[in-house]
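Asker: A single structure is presented below for examination.
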Amino acid sequence: MNFKKLITIIAAGFTSLCALAQGNVTSPALTDSTDRNFGKLPVPTMRTTDSPVIDTLDTVNEYIKVILFSDNTWQYMVSEKFSQDSDVFNEAWQHQNSDPYRIPLDSLDKAWSIWVCDSLTQYCCPYVGQVYFRGKFGMRRGRRHQGVDLPYPTGTPVHATFDGKVRIAKVLGAYGNLIVIRHPNGLETFYGHLSRIDVKEDDWVSAGQVIGLGGSTGRSTGPHLHFETRYKGYAFDPQWLIDFKTGTLRQRLFVLKQKYFSPYSNYEQNFDDEIANEEEDKKADAEEAAKAYYKVKSGDTLSAIAARNHTTVANICKLNGIKSTTILQIGKTLRVR
């Protein structure tokens, strides 16, 4: 594919991008996924390329660029100022602690949805392959292991997983050389045991950008990348979010549940239970949707209400814990199915 054709392809979808940047339309990435299932679509890792940049295209929004590489690939580059929620980078923003929030777990919702990747942002899998067997999320040797350990030879470039701002870039305890990036959706990613750090605190980085090199610094028995995902200071198994075997982001709209913060909520061990729970939830929702109610009016009798709703007096009594001789109160709501 030549660059003229590539630019034509980019331009074909550029009208909607420009309208989005000007605020004239709503991105499908920012709408409810129930309509188009956009949020449930998996996201492949972007192709990280060592090819040089040959051109940068401006858009109608000064904070959004299109980067062209010499191998006929391209990607969006979104600056920090494009982030709509600047409070994300102000709340508990400091460079000393891995958890700057220090908030009680019960102050968080039981579950909430997080847009991980939309139509303007990129995603780059930190490592495609098998997670170390002894390096999975959970309890290890009596300690909580907050992330996953990924095979990573010393000197291997480490790429930022999403766009974001560097909160920590220094030696920090058992992590050794550590980089923590906070993303516009509030998630944070951790990259530990690095042999070299190539970014500074408060730098803005783009997905796929090289931020350092793999290594074995800190409490480490050999070269590997310790990778964590956190929200409000609480770590959860990155495998709920990323399928490392294929390199894909499991979905654009991630439903993060409070129970995932437990050290015993391991994706590989709990996935079947999660699916079973989802099926039970769907069944419960269907049963709730099938329920029907009737508000008692003047002159109503149980037999008349039963006939009107195609059911029986016995069934209404059972559903409401009443007897056939119970005197009905006007305005009282009865379940009829």
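By order in the structure tokens, chains are A, B, ...; within a chain, residues start at 1; ligands start at 1, following the order shown.
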Give me the stretch 94-157 of chain A side of the contact with stretch 198-217 of chain A, cut-off 8 Å, one line per residue showing its nearest atom pair and distance in Å at one decimal, counting only C-alpha atoms, sorted by chain and residue number, as a Markdown table.
Answerer:
```
| residue | atom | partner | partner_atom | distance |
| --- | --- | --- | --- | --- |
| A:His95 | CA | A:Glu201 | CA | 7.5 |
| A:Thr121 | CA | A:Ala207 | CA | 7.9 |
| A:Gln122 | CA | A:Ala207 | CA | 5.7 |
| A:Tyr123 | CA | A:Ala207 | CA | 5.7 |
| A:Cys124 | CA | A:Gly208 | CA | 5.3 |
| A:Tyr152 | CA | A:Gly214 | CA | 5.8 |
| A:Pro153 | CA | A:Gly214 | CA | 6.1 |
| A:Thr154 | CA | A:Gly215 | CA | 4.2 |
| A:Gly155 | CA | A:Leu213 | CA | 4.9 |
| A:Thr156 | CA | A:Gly214 | CA | 5.1 |
| A:Pro157 | CA | A:Leu213 | CA | 4.6 |
```
Asker: Taking the backbone alone, and naming residues the way the document does, which bits of stretch 125-269 of chain A are strand (DSSP E) by DSSP, as a VMD selection string?
Answerer: chain A and resid 138 to 140 143 to 145 148 to 151 157 to 159 164 to 171 177 to 182 187 to 194 196 to 197 204 to 205 210 to 213 224 to 231 234 to 236 242 to 243 248 to 249 253 to 257
Asker: Which of these residues is nearest to A:Ile103, using only C-alpha atoms: A:Tyr234, A:Phe133, A:Tyr76, A:Tyr260?
Answerer: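 Among the listed residues, the smallest separation from A:Ile103 belongs to A:Tyr234.
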Asker: Would you kindly return, as an NGL selection string, each protein, DNA or RNA residue with an atom no farther than 9 Å from any atom of A:Ser298, considering only C-alpha atoms and excluding same-chain residues fewer than 2 positions away?
Answerer: :A and (296 or 300 or 329-331)
Asker: Taking only C-alpha atoms into account, which of A:Ser79, A:Gln239, A:Asn177, A:Thr312 comes nearest A:Arg337?
Answerer: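 The answer is A:Thr312, which sits nearest to A:Arg337.
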Asker: Set out as a tab-separated table a contact list for stretch 117-153 of chain A and stretch 246-257 of chain A with a cut-off of 10 Å, giving each residue of stretch 117-153 of chain A that qualifies its closest atom pair and distance in Å to one decimal, counting only C-alpha atoms, ordered by chain and rising residue number.
Answerer:
```
residue	atom	partner	partner_atom	distance
A:Cys117	CA	A:Arg252	CA	5.2
A:Asp118	CA	A:Arg252	CA	6.8
A:Ser119	CA	A:Arg252	CA	9.7
A:Tyr123	CA	A:Leu249	CA	7.7
A:Cys124	CA	A:Gly247	CA	8.2
A:Cys125	CA	A:Gly247	CA	5.5
A:Pro126	CA	A:Gly247	CA	8.2
A:Tyr127	CA	A:Gly247	CA	7.0
A:Val128	CA	A:Gly247	CA	4.9
A:Gly129	CA	A:Thr246	CA	7.1
A:Gln130	CA	A:Thr246	CA	9.3
```
Asker: Considering only C-alpha atoms, can you say which of A:Thr326, A:Thr161, A:Asn315, A:Ser195 comes closest to A:Ile242?
Answerer: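 So, comparing all the options, the nearest one is A:Thr161.
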Asker: Record the distance separating atom CA of A:Asp87 and atom CA of A:Phe236, expressed in Å with one decimal.
Answerer: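 It comes out at 22.6 Å.
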